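Source file: final01.txt (compact mmCIF, C-alpha atoms)
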```txt
# COMPACT_ATOMS: atom_id res chain seq x y z
CA MET N 845 126.98 95.78 77.38
CA SER N 846 126.52 92.79 75.11
CA GLY N 847 123.51 90.56 74.65
CA VAL N 848 120.08 90.59 73.00
CA LEU N 849 118.24 93.93 73.21
CA LEU N 850 114.46 93.42 73.46
CA LYS N 851 112.07 96.17 72.41
CA PRO N 852 108.67 95.96 74.17
CA THR N 853 105.57 96.35 72.01
CA PRO N 854 102.07 97.33 73.23
CA LEU N 855 100.20 94.46 74.90
CA THR N 856 97.00 93.27 73.18
CA LYS N 857 94.69 90.30 73.63
CA ASP N 858 95.89 89.04 70.24
CA ASN N 859 99.62 89.17 70.80
CA PHE N 860 99.30 87.70 74.30
CA ALA N 861 96.80 84.95 73.46
CA ARG N 862 99.44 82.18 73.44
CA PHE N 863 100.55 83.10 76.94
CA GLY N 864 97.32 83.73 78.83
CA ASP N 865 94.71 86.43 79.38
CA VAL N 866 94.84 90.19 79.10
CA ILE N 867 92.60 91.52 81.87
CA GLU N 868 91.02 94.67 80.46
CA ILE N 869 87.65 96.27 79.86
CA ASP N 870 88.09 96.67 76.09
CA GLY N 871 86.13 93.99 74.25
CA ALA N 872 84.80 92.36 77.43
CA GLU N 873 81.33 90.96 78.06
CA ARG N 874 79.45 93.79 79.82
CA LEU N 875 76.53 93.25 82.21
CA LEU N 876 74.54 96.01 83.87
CA ILE N 877 73.87 95.09 87.52
CA ASN N 878 73.02 96.61 90.92
CA GLU N 879 69.94 98.54 89.73
CA GLY N 880 71.90 99.91 86.81
CA THR N 881 74.60 101.55 88.92
CA THR N 882 77.38 99.07 88.10
CA GLU N 883 78.84 97.68 84.89
CA ARG N 884 80.28 94.20 85.31
CA PHE N 885 83.01 93.38 82.78
CA HIS N 886 82.61 89.69 83.23
CA ALA N 887 85.07 86.83 83.59
CA LEU N 888 88.13 88.57 82.18
CA ALA N 889 90.19 85.64 83.44
CA ARG N 890 89.41 82.22 84.84
CA ILE N 891 91.79 81.29 87.65
CA ASP N 892 93.30 77.84 87.14
CA VAL N 893 94.89 76.64 90.38
CA SER N 894 92.93 73.53 91.39
CA LYS N 895 95.63 71.07 90.27
CA ASN N 896 96.87 68.95 93.22
CA GLY N 897 94.21 70.45 95.49
CA GLY N 898 95.39 74.06 95.16
CA THR N 899 93.44 77.01 96.57
CA PRO N 900 93.13 80.41 94.87
CA ILE N 901 94.52 83.27 96.95
CA LEU N 902 94.81 87.04 96.62
CA SER N 903 98.05 88.80 97.52
CA ILE N 904 99.55 92.24 96.91
CA PHE N 905 102.95 92.56 95.23
CA ARG N 906 104.94 95.77 95.70
CA ALA N 907 107.54 95.90 92.93
CA ARG N 908 110.54 98.23 92.73
CA ALA N 909 112.12 99.27 89.44
CA ARG N 910 115.39 97.58 88.46
CA PRO N 911 118.34 99.66 87.15
CA ALA N 912 118.06 100.61 83.46
CA PRO N 913 118.63 99.02 81.08
CA ILE N 914 116.75 96.15 82.75
CA LYS N 915 118.85 92.97 82.54
CA LEU N 916 117.03 89.68 82.09
CA ALA N 917 118.99 86.71 83.42
CA MET N 918 116.24 84.14 84.02
CA MET N 919 112.60 83.20 83.53
CA GLU N 920 110.16 81.27 85.72
CA ARG N 921 106.95 79.28 85.39
CA HIS N 922 104.32 77.75 87.65
CA PRO N 923 103.47 74.13 86.73
CA LEU N 924 100.50 73.93 89.10
CA GLY N 925 98.66 77.18 88.52
CA SER N 926 97.90 80.34 86.63
CA GLN N 927 99.11 83.67 88.02
CA ALA N 928 97.27 86.95 87.46
CA PHE N 929 98.57 90.51 88.01
CA PHE N 930 96.55 93.72 87.93
CA PRO N 931 98.13 97.15 88.62
CA LEU N 932 96.61 99.07 91.52
CA ARG N 933 97.59 102.50 90.23
CA ASN N 934 97.35 103.64 86.65
CA ALA N 935 100.95 103.28 85.43
CA SER N 936 102.38 101.20 82.60
CA TRP N 937 104.45 98.12 83.33
CA LEU N 938 106.40 95.41 81.52
CA VAL N 939 105.70 91.80 80.60
CA VAL N 940 108.29 89.34 79.26
CA VAL N 941 107.31 85.83 78.19
CA SER N 942 108.61 82.94 76.12
CA ALA N 943 106.76 80.29 74.12
CA ALA N 944 109.87 78.11 73.82
CA ALA N 945 110.37 74.88 75.73
CA ILE N 946 113.59 76.30 77.16
CA PRO N 947 113.55 80.09 77.48
CA ALA N 948 116.61 81.95 76.26
CA PRO N 949 117.47 85.55 75.29
CA ASP N 950 116.72 84.89 71.61
CA ASN N 951 113.19 83.52 72.19
CA LEU N 952 111.72 86.13 74.54
CA GLU N 953 108.82 88.47 73.78
CA ALA N 954 108.39 91.77 75.62
CA PHE N 955 105.22 93.83 76.00
CA ILE N 956 104.26 97.17 77.55
CA ALA N 957 101.04 96.85 79.54
CA ARG N 958 98.99 99.98 80.20
CA GLY N 959 98.04 100.87 83.77
CA ASP N 960 94.52 99.60 83.11
CA GLN N 961 95.68 96.24 81.78
CA GLY N 962 96.45 93.17 83.83
CA VAL N 963 97.63 89.79 82.64
CA GLN N 964 97.13 86.24 83.73
CA TYR N 965 99.95 83.87 82.80
CA SER N 966 98.53 80.47 82.01
CA ARG N 967 99.86 77.49 83.94
CA ASN N 968 103.37 76.53 82.78
CA VAL N 969 103.97 79.69 80.71
CA TRP N 970 107.52 81.00 81.03
CA HIS N 971 107.53 84.61 82.23
CA HIS N 972 109.91 87.03 83.86
CA PRO N 973 109.19 88.08 87.46
CA LEU N 974 107.36 91.40 87.85
CA LEU N 975 108.97 94.37 86.03
CA VAL N 976 107.88 97.95 86.61
CA ILE N 977 108.72 101.37 85.19
CA GLU N 978 107.83 103.72 88.07
CA PRO N 979 110.06 103.51 91.18
CA VAL N 980 107.38 101.51 93.08
CA GLN N 981 104.21 99.89 91.76
CA ASP N 982 101.63 97.76 93.56
CA PHE N 983 99.67 94.91 92.00
CA ILE N 984 96.93 92.60 93.15
CA VAL N 985 97.87 89.01 92.38
CA ALA N 986 95.68 85.92 92.12
CA ASP N 987 97.61 82.69 92.28
CA ARG N 988 97.85 79.32 94.02
CA GLU N 989 98.42 78.09 97.56
CA GLY N 990 98.83 74.37 98.12
CA ALA N 991 101.01 71.30 98.18
CA GLY N 992 103.52 70.55 95.43
CA GLU N 993 106.41 72.39 93.78
CA ASN N 994 104.88 75.26 91.84
CA LEU N 995 108.00 77.22 90.87
CA GLU N 996 110.46 76.34 88.13
CA GLU N 997 113.31 78.70 87.21
CA ALA N 998 115.46 78.76 84.05
CA TRP N 999 118.66 80.81 84.34
CA PHE N 1000 120.22 81.83 81.02
CA THR N 1001 123.67 80.54 80.07
CA GLY N 1002 125.89 82.91 78.10
CA GLU N 1003 124.83 86.48 77.34
CA PRO N 1004 121.79 87.95 79.14
CA ALA N 1005 119.01 89.93 77.45
CA PHE N 1006 118.30 93.59 78.06
CA LEU N 1007 115.04 95.52 77.78
CA ALA N 1008 115.11 98.69 75.69
CA ALA N 1009 113.55 101.69 77.45
CA PRO N 1010 109.79 101.64 76.75
CA MET C 997 63.16 111.47 104.81
CA SER C 998 62.38 108.85 107.44
CA GLY C 999 64.21 105.67 108.24
CA VAL C 1000 67.41 104.51 109.98
CA LEU C 1001 70.46 106.74 109.39
CA LEU C 1002 73.68 104.69 109.34
CA LYS C 1003 77.02 106.32 110.11
CA PRO C 1004 79.97 104.51 108.46
CA THR C 1005 83.03 103.88 110.62
CA PRO C 1006 86.57 103.17 109.39
CA LEU C 1007 87.06 99.60 108.17
CA THR C 1008 89.53 97.45 110.11
CA LYS C 1009 90.41 93.75 110.14
CA ASP C 1010 88.90 93.56 113.62
CA ASN C 1011 85.53 95.13 112.96
CA PHE C 1012 85.12 93.21 109.68
CA ALA C 1013 86.29 89.81 110.95
CA ARG C 1014 82.75 88.40 111.27
CA PHE C 1015 82.02 89.23 107.65
CA GLY C 1016 85.16 88.23 105.78
CA ASP C 1017 88.64 89.51 104.96
CA VAL C 1018 90.08 92.99 104.75
CA ILE C 1019 92.59 92.90 101.88
CA GLU C 1020 95.36 95.28 102.90
CA ILE C 1021 99.10 95.43 103.38
CA ASP C 1022 98.98 96.47 107.06
CA GLY C 1023 99.72 93.48 109.28
CA ALA C 1024 100.17 91.06 106.37
CA GLU C 1025 102.75 88.29 106.05
CA ARG C 1026 105.58 89.84 103.99
CA LEU C 1027 107.92 87.84 101.78
CA LEU C 1028 110.84 89.30 99.81
CA ILE C 1029 110.97 87.71 96.32
CA ASN C 1030 112.27 88.30 92.79
CA GLU C 1031 115.90 88.92 93.79
CA GLY C 1032 114.76 91.33 96.46
CA THR C 1033 112.90 93.66 94.07
CA THR C 1034 109.38 92.66 95.14
CA GLU C 1035 107.58 92.43 98.47
CA ARG C 1036 104.83 89.82 98.46
CA PHE C 1037 102.07 90.53 101.00
CA HIS C 1038 100.91 86.97 101.07
CA ALA C 1039 97.48 85.36 100.99
CA LEU C 1040 95.44 88.38 102.08
CA ALA C 1041 92.34 86.41 101.17
CA ARG C 1042 91.59 82.82 100.26
CA ILE C 1043 88.96 82.59 97.52
CA ASP C 1044 86.18 80.14 98.45
CA VAL C 1045 84.16 79.29 95.34
CA SER C 1046 84.64 75.55 94.81
CA LYS C 1047 81.19 74.58 96.15
CA ASN C 1048 79.12 72.79 93.47
CA GLY C 1049 82.10 72.75 91.11
CA GLY C 1050 82.50 76.54 90.91
CA THR C 1051 85.45 78.21 89.20
CA PRO C 1052 87.18 81.38 90.45
CA ILE C 1053 87.02 84.27 87.96
CA LEU C 1054 88.32 87.83 87.79
CA SER C 1055 86.06 90.63 86.56
CA ILE C 1056 86.13 94.43 86.68
CA PHE C 1057 83.20 96.33 88.20
CA ARG C 1058 82.68 99.98 87.26
CA ALA C 1059 80.44 101.53 89.91
CA ARG C 1060 78.67 104.87 89.72
CA ALA C 1061 77.74 106.90 92.81
CA ARG C 1062 74.11 106.86 93.90
CA PRO C 1063 72.31 110.10 94.85
CA ALA C 1064 73.04 111.35 98.38
CA PRO C 1065 71.94 110.44 100.93
CA ILE C 1066 72.42 106.87 99.70
CA LYS C 1067 69.22 104.90 100.26
CA LEU C 1068 69.57 101.24 101.20
CA ALA C 1069 66.53 99.17 100.20
CA MET C 1070 67.95 95.65 100.04
CA MET C 1071 70.90 93.38 100.74
CA GLU C 1072 72.27 90.36 98.91
CA ARG C 1073 74.38 87.28 99.58
CA HIS C 1074 76.08 84.51 97.63
CA PRO C 1075 75.41 81.03 99.04
CA LEU C 1076 77.97 79.32 96.81
CA GLY C 1077 80.98 81.57 97.00
CA SER C 1078 83.03 84.36 98.48
CA GLN C 1079 83.25 87.67 96.61
CA ALA C 1080 86.29 89.96 96.80
CA PHE C 1081 86.55 93.62 95.76
CA PHE C 1082 89.70 95.71 95.47
CA PRO C 1083 89.67 99.35 94.27
CA LEU C 1084 91.76 100.08 91.18
CA ARG C 1085 92.30 103.74 91.99
CA ASN C 1086 93.09 105.18 95.38
CA ALA C 1087 89.70 106.46 96.55
CA SER C 1088 87.62 105.54 99.60
CA TRP C 1089 84.44 103.52 99.20
CA LEU C 1090 81.62 102.12 101.32
CA VAL C 1091 80.81 98.70 102.72
CA VAL C 1092 77.47 97.72 104.31
CA VAL C 1093 76.94 94.29 105.85
CA SER C 1094 74.63 92.49 108.24
CA ALA C 1095 75.28 89.62 110.63
CA ALA C 1096 71.56 88.95 111.12
CA ALA C 1097 69.72 85.98 109.62
CA ILE C 1098 67.33 88.40 107.95
CA PRO C 1099 68.92 91.76 107.13
CA ALA C 1100 66.92 94.86 108.01
CA PRO C 1101 67.63 98.59 108.45
CA ASP C 1102 68.15 98.16 112.19
CA ASN C 1103 70.79 95.42 111.93
CA LEU C 1104 73.15 96.86 109.30
CA GLU C 1105 76.79 97.87 109.82
CA ALA C 1106 78.47 100.43 107.58
CA PHE C 1107 82.20 100.94 107.02
CA ILE C 1108 84.41 103.35 105.07
CA ALA C 1109 87.16 101.49 103.24
CA ARG C 1110 90.28 103.38 102.22
CA GLY C 1111 91.40 103.32 98.60
CA ASP C 1112 94.12 100.83 99.50
CA GLN C 1113 91.71 98.44 101.25
CA GLY C 1114 89.69 95.71 99.60
CA VAL C 1115 87.26 93.31 101.21
CA GLN C 1116 86.25 89.75 100.62
CA TYR C 1117 82.73 88.90 101.77
CA SER C 1118 82.65 85.34 103.03
CA ARG C 1119 80.17 82.95 101.48
CA ASN C 1120 76.60 83.68 102.66
CA VAL C 1121 77.39 87.03 104.26
CA TRP C 1122 74.69 89.64 103.66
CA HIS C 1123 76.14 92.75 102.00
CA HIS C 1124 74.91 95.68 100.00
CA PRO C 1125 75.89 95.87 96.32
CA LEU C 1126 78.91 98.06 95.55
CA LEU C 1127 78.73 101.64 96.91
CA VAL C 1128 81.16 104.35 95.90
CA ILE C 1129 81.84 107.96 96.83
CA GLU C 1130 83.52 109.33 93.68
CA PRO C 1131 81.32 109.64 90.58
CA VAL C 1132 82.87 106.50 89.02
CA GLN C 1133 85.16 103.91 90.65
CA ASP C 1134 86.59 100.69 89.20
CA PHE C 1135 87.25 97.51 91.19
CA ILE C 1136 88.76 94.17 90.42
CA VAL C 1137 86.45 91.42 91.63
CA ALA C 1138 87.19 87.77 92.36
CA ASP C 1139 84.09 85.60 92.58
CA ARG C 1140 82.46 82.44 91.27
CA GLU C 1141 81.32 81.12 87.93
CA GLY C 1142 79.41 77.84 87.84
CA ALA C 1143 76.16 75.95 88.13
CA GLY C 1144 73.63 76.67 90.89
CA GLU C 1145 71.80 79.73 92.20
CA ASN C 1146 74.44 81.96 93.80
CA LEU C 1147 72.43 85.14 94.39
CA GLU C 1148 69.91 85.71 97.15
CA GLU C 1149 68.30 89.12 97.69
CA ALA C 1150 66.44 90.47 100.73
CA TRP C 1151 64.37 93.60 100.11
CA PHE C 1152 63.46 95.60 103.19
CA THR C 1153 59.84 95.98 104.20
CA GLY C 1154 58.83 99.27 105.79
CA GLU C 1155 61.26 102.18 106.10
CA PRO C 1156 64.58 102.02 104.23
CA ALA C 1157 67.98 102.88 105.69
CA PHE C 1158 70.13 105.82 104.64
CA LEU C 1159 73.89 106.26 104.75
CA ALA C 1160 75.19 109.42 106.42
CA ALA C 1161 77.79 111.24 104.32
CA PRO C 1162 81.21 109.78 105.14
```
Have the structure of the file written as structure tokens, please.
Amino acid sequence: MSGVLLKPTPLTKDNFARFGDVIEIDGAERLLINEGTTERFHALARIDVSKNGGTPILSIFRARARPAPIKLAMMERHPLGSQAFFPLRNASWLVVVSAAAIPAPDNLEAFIARGDQGVQYSRNVWHHPLLVIEPVQDFIVADREGAGENLEEAWFTGEPAFLAAP
Amino acid sequence: MSGVLLKPTPLTKDNFARFGDVIEIDGAERLLINEGTTERFHALARIDVSKNGGTPILSIFRARARPAPIKLAMMERHPLGSQAFFPLRNASWLVVVSAAAIPAPDNLEAFIARGDQGVQYSRNVWHHPLLVIEPVQDFIVADREGAGENLEEAWFTGEPAFLAAP
């Protein structure tokens, strides 16, 4: 096996700030509502899908683990909208992004998200499709429905990247 | 204890159709994506918050159980936007709605939602604030941020309603 080996580091608001939002309770604005029975951790992400008349939608993604070590051969981005993922069961998962204009194995960043952390990729941020650690993991996803081409893929030339076991 | 006693029935797309969306995998449009590793259960709810320039946001609600039997003294609705709830851990929860113009103990409907079912209340649908069964339950919530008064409350006059144990 040859190619870049990426070691995921723990996801934080700070290290993900260039790429979008970390959706988590820690550090959030907290409002007490519903006669004091509910805490609202407010506006953890603002959904940005109105470009070209887009509509925000909720979907569920059921992701299956890829064979280890996970091979990364491409990245994708959504020019017309943000895309948010939040895990529906409390299990860690993996996030791979790139801040480069053209993503490649040597400019990727990998993070481990806890089971109580979601992310929202900002519009046009290169990211790898959903990567999980357990055999099957479900996520709720907020993204865009509407006219226009909202998916761009970049397949790597040459050696792929691999993710080190978290 | 006097007042109407409501018995919750299992939540289904059919019995909730007048009030909004049931967010669940059963019966959803299913797309295979990400090189076959992910099933996308597509567009389970369309978020409707653009009225008066509203923006869709994601928050987390942490709800605590109320003393049994749960007493219902009021309902609320959001004239400017839909509001979606999805449980973050797999535990059942409770949904109370009314199709009447003025909600009252004798025109409420109560449902038990499974831990893998969310709901989206349509704009202007009377519903009770979040009700849970476990001591503490977290939900991801998609609703509206923006100008305008988006909360209307209706407090019952006379006897309250009570929820029978599910």
Chain C post-superposition (all in-order Cα pairs with chain N) as a short mmCIF file (atom, residue, chain, number, x, y, z; two decimals) with C-alpha atoms, keeping the file's coordinate frame:
```
data_model
loop_
_atom_site.label_atom_id
_atom_site.label_comp_id
_atom_site.auth_asym_id
_atom_site.auth_seq_id
_atom_site.Cartn_x
_atom_site.Cartn_y
_atom_site.Cartn_z
CA MET C 997 126.95 95.82 77.34
CA SER C 998 126.51 92.79 75.10
CA GLY C 999 123.52 90.56 74.68
CA VAL C 1000 120.08 90.60 73.02
CA LEU C 1001 118.23 93.94 73.22
CA LEU C 1002 114.45 93.42 73.45
CA LYS C 1003 112.05 96.16 72.38
CA PRO C 1004 108.67 95.95 74.17
CA THR C 1005 105.56 96.35 72.02
CA PRO C 1006 102.08 97.32 73.24
CA LEU C 1007 100.20 94.46 74.90
CA THR C 1008 97.01 93.28 73.19
CA LYS C 1009 94.69 90.30 73.63
CA ASP C 1010 95.89 89.05 70.25
CA ASN C 1011 99.63 89.17 70.79
CA PHE C 1012 99.31 87.70 74.30
CA ALA C 1013 96.81 84.95 73.46
CA ARG C 1014 99.45 82.18 73.43
CA PHE C 1015 100.56 83.11 76.93
CA GLY C 1016 97.34 83.74 78.83
CA ASP C 1017 94.72 86.43 79.37
CA VAL C 1018 94.84 90.19 79.08
CA ILE C 1019 92.59 91.52 81.86
CA GLU C 1020 91.01 94.66 80.46
CA ILE C 1021 87.65 96.27 79.86
CA ASP C 1022 88.08 96.67 76.08
CA GLY C 1023 86.12 93.99 74.25
CA ALA C 1024 84.80 92.37 77.44
CA GLU C 1025 81.32 90.97 78.05
CA ARG C 1026 79.44 93.80 79.81
CA LEU C 1027 76.55 93.25 82.20
CA LEU C 1028 74.54 96.02 83.87
CA ILE C 1029 73.87 95.10 87.54
CA ASN C 1030 73.03 96.63 90.92
CA GLU C 1031 69.94 98.55 89.74
CA GLY C 1032 71.89 99.90 86.81
CA THR C 1033 74.61 101.56 88.93
CA THR C 1034 77.38 99.07 88.10
CA GLU C 1035 78.83 97.69 84.88
CA ARG C 1036 80.27 94.21 85.31
CA PHE C 1037 83.00 93.38 82.78
CA HIS C 1038 82.60 89.68 83.21
CA ALA C 1039 85.07 86.83 83.60
CA LEU C 1040 88.14 88.58 82.18
CA ALA C 1041 90.18 85.65 83.43
CA ARG C 1042 89.42 82.22 84.83
CA ILE C 1043 91.80 81.30 87.65
CA ASP C 1044 93.30 77.82 87.13
CA VAL C 1045 94.88 76.64 90.38
CA SER C 1046 92.93 73.53 91.38
CA LYS C 1047 95.64 71.06 90.28
CA ASN C 1048 96.87 68.95 93.23
CA GLY C 1049 94.20 70.45 95.49
CA GLY C 1050 95.40 74.06 95.18
CA THR C 1051 93.44 77.00 96.57
CA PRO C 1052 93.13 80.41 94.86
CA ILE C 1053 94.53 83.28 96.95
CA LEU C 1054 94.81 87.05 96.61
CA SER C 1055 98.05 88.81 97.53
CA ILE C 1056 99.54 92.25 96.90
CA PHE C 1057 102.95 92.56 95.23
CA ARG C 1058 104.95 95.77 95.70
CA ALA C 1059 107.55 95.90 92.93
CA ARG C 1060 110.54 98.21 92.73
CA ALA C 1061 112.13 99.26 89.42
CA ARG C 1062 115.39 97.59 88.45
CA PRO C 1063 118.33 99.65 87.13
CA ALA C 1064 118.08 100.61 83.45
CA PRO C 1065 118.64 99.00 81.07
CA ILE C 1066 116.77 96.14 82.75
CA LYS C 1067 118.86 92.97 82.55
CA LEU C 1068 117.02 89.69 82.09
CA ALA C 1069 118.97 86.71 83.44
CA MET C 1070 116.24 84.14 84.02
CA MET C 1071 112.60 83.20 83.54
CA GLU C 1072 110.16 81.28 85.72
CA ARG C 1073 106.95 79.28 85.40
CA HIS C 1074 104.32 77.73 87.65
CA PRO C 1075 103.47 74.13 86.73
CA LEU C 1076 100.50 73.93 89.09
CA GLY C 1077 98.67 77.17 88.52
CA SER C 1078 97.90 80.34 86.63
CA GLN C 1079 99.11 83.66 88.04
CA ALA C 1080 97.28 86.95 87.46
CA PHE C 1081 98.57 90.50 88.00
CA PHE C 1082 96.56 93.71 87.93
CA PRO C 1083 98.12 97.14 88.63
CA LEU C 1084 96.60 99.07 91.54
CA ARG C 1085 97.58 102.48 90.24
CA ASN C 1086 97.36 103.66 86.67
CA ALA C 1087 100.94 103.27 85.44
CA SER C 1088 102.37 101.18 82.59
CA TRP C 1089 104.45 98.11 83.35
CA LEU C 1090 106.39 95.41 81.51
CA VAL C 1091 105.69 91.81 80.60
CA VAL C 1092 108.28 89.34 79.25
CA VAL C 1093 107.32 85.83 78.19
CA SER C 1094 108.62 82.94 76.12
CA ALA C 1095 106.78 80.30 74.12
CA ALA C 1096 109.88 78.11 73.82
CA ALA C 1097 110.38 74.87 75.75
CA ILE C 1098 113.60 76.29 77.16
CA PRO C 1099 113.55 80.09 77.48
CA ALA C 1100 116.62 81.95 76.26
CA PRO C 1101 117.49 85.55 75.31
CA ASP C 1102 116.73 84.88 71.64
CA ASN C 1103 113.21 83.52 72.19
CA LEU C 1104 111.73 86.14 74.54
CA GLU C 1105 108.81 88.47 73.79
CA ALA C 1106 108.39 91.77 75.62
CA PHE C 1107 105.21 93.83 76.00
CA ILE C 1108 104.24 97.17 77.55
CA ALA C 1109 101.03 96.86 79.54
CA ARG C 1110 98.99 99.98 80.21
CA GLY C 1111 98.04 100.86 83.77
CA ASP C 1112 94.52 99.61 83.13
CA GLN C 1113 95.68 96.24 81.78
CA GLY C 1114 96.45 93.16 83.83
CA VAL C 1115 97.64 89.79 82.62
CA GLN C 1116 97.12 86.24 83.71
CA TYR C 1117 99.94 83.88 82.78
CA SER C 1118 98.52 80.46 82.00
CA ARG C 1119 99.85 77.50 83.92
CA ASN C 1120 103.37 76.53 82.76
CA VAL C 1121 103.97 79.67 80.71
CA TRP C 1122 107.52 81.00 81.04
CA HIS C 1123 107.52 84.62 82.23
CA HIS C 1124 109.90 87.02 83.86
CA PRO C 1125 109.19 88.08 87.45
CA LEU C 1126 107.36 91.40 87.84
CA LEU C 1127 108.95 94.37 86.03
CA VAL C 1128 107.88 97.95 86.60
CA ILE C 1129 108.71 101.36 85.18
CA GLU C 1130 107.83 103.70 88.08
CA PRO C 1131 110.05 103.49 91.17
CA VAL C 1132 107.40 101.50 93.09
CA GLN C 1133 104.20 99.89 91.75
CA ASP C 1134 101.62 97.76 93.57
CA PHE C 1135 99.66 94.90 92.00
CA ILE C 1136 96.93 92.60 93.16
CA VAL C 1137 97.88 89.01 92.39
CA ALA C 1138 95.68 85.93 92.13
CA ASP C 1139 97.61 82.67 92.28
CA ARG C 1140 97.84 79.32 94.04
CA GLU C 1141 98.43 78.10 97.56
CA GLY C 1142 98.83 74.37 98.13
CA ALA C 1143 101.01 71.29 98.19
CA GLY C 1144 103.54 70.54 95.43
CA GLU C 1145 106.42 72.38 93.78
CA ASN C 1146 104.88 75.26 91.83
CA LEU C 1147 108.00 77.23 90.88
CA GLU C 1148 110.45 76.35 88.14
CA GLU C 1149 113.31 78.70 87.20
CA ALA C 1150 115.47 78.75 84.06
CA TRP C 1151 118.66 80.81 84.32
CA PHE C 1152 120.22 81.83 81.03
CA THR C 1153 123.64 80.56 80.08
CA GLY C 1154 125.87 82.90 78.10
CA GLU C 1155 124.84 86.49 77.34
CA PRO C 1156 121.80 87.95 79.12
CA ALA C 1157 119.01 89.93 77.47
CA PHE C 1158 118.29 93.60 78.06
CA LEU C 1159 115.04 95.52 77.79
CA ALA C 1160 115.10 98.69 75.68
CA ALA C 1161 113.54 101.68 77.44
CA PRO C 1162 109.80 101.65 76.73
#
```
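Residue nearest C:Phe1081 within the list N:Leu849, N:Ile984, N:Pro854, N:Arg958: N:Ile984 [criterion: smallest interatomic distance, only C-alpha atoms].
Nearest to C:Phe1037 of all the residues C:Ile1021, C:Pro1052, C:Glu1145, C:Met1071 is C:Ile1021, based on only C-alpha atoms.
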Can you pull out the residues contacting N:Glu873? Cut-off 10 Å, using all atoms listed in the file, and skip same-chain residues under 3 positions away; I want them as a PyMOL selection string. (chain N and resi 869-870+883-888) or (chain C and resi 1055)
Counting all atoms listed in the file, which residues from chain C have an atom at most 8 Å from any atom of chain N, and could you show them as a PyMOL selection string? chain C and resi 1020-1021+1030+1033-1044+1051-1062+1083-1086+1125-1126
Counting only C-alpha atoms, the residue of C:Pro1063, C:Gly1142, C:Pro1156, C:Pro1004 that sits nearest C:Lys1047: C:Gly1142
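Using all atoms listed in the file, the smallest distance between any of C:Gly1077, C:Gly1144, C:Pro1099, C:Pro1065 and C:Gly999 comes from C:Pro1065.
Closest approach to N:Leu938 among N:Val848, N:Ala957, N:Ala998, N:Ala1008: N:Ala957, based on only C-alpha atoms.
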Identify the residues around (80.9, 106.0, 106.9) within a radius of 6 Å, measuring from all atoms listed in the file in the coordinates stated by the file, and give them as a PyMOL selection string. chain C and resi 1003-1005+1107-1108+1162
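Between atom CA of C:Tyr1117 and atom CA of C:Phe1015 the separation is 5.9 Å.
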Excluding N:Met918 and residues on its chain fewer than 2 positions from it, collect all residues at most 6 Å away from it, counting all atoms listed in the file, and give them as a PyMOL selection string. chain N and resi 916+998-1000
Identify the residues within 7 Å of coordinate (70.5, 88.8, 97.9) (same frame as the file), considering all atoms listed in the file, and give the answer as a PDB file with C-alpha atoms, in the coordinates of the input.
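The result, written out as point22.pdb:
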```pdb
ATOM      1  CA  MET C1071      70.900  93.380 100.740  1.00  0.00           C
ATOM      2  CA  GLU C1072      72.270  90.360  98.910  1.00  0.00           C
ATOM      3  CA  ARG C1073      74.380  87.280  99.580  1.00  0.00           C
ATOM      4  CA  LEU C1147      72.430  85.140  94.390  1.00  0.00           C
ATOM      5  CA  GLU C1148      69.910  85.710  97.150  1.00  0.00           C
ATOM      6  CA  GLU C1149      68.300  89.120  97.690  1.00  0.00           C
ATOM      7  CA  ALA C1150      66.440  90.470 100.730  1.00  0.00           C
TER       8      ALA C1150
END
```
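With atom CA of N:Ala944 on one side and atom CA of N:Gly871 on the other, the separation reads 28.6 Å.
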Return the padded bounding box of stretch 947-951 of chain N as JSON: axis-aligned, built from all atoms listed in the file, 3 Å added on each side, with centre and edge lengths in Å to one decimal.
```
{"center_x": 115.3, "center_y": 82.8, "center_z": 74.5, "size_x": 10.3, "size_y": 11.5, "size_z": 11.9}
```
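We find atom CA of C:Lys1067 and atom CA of C:Val1121 to be spaced 20.1 Å apart.
Closest approach to C:Ala1013 from the set C:Ser998, C:Ala1095, C:Glu1130, C:Asn1103 is made by C:Ala1095, with distances taken over only C-alpha atoms.
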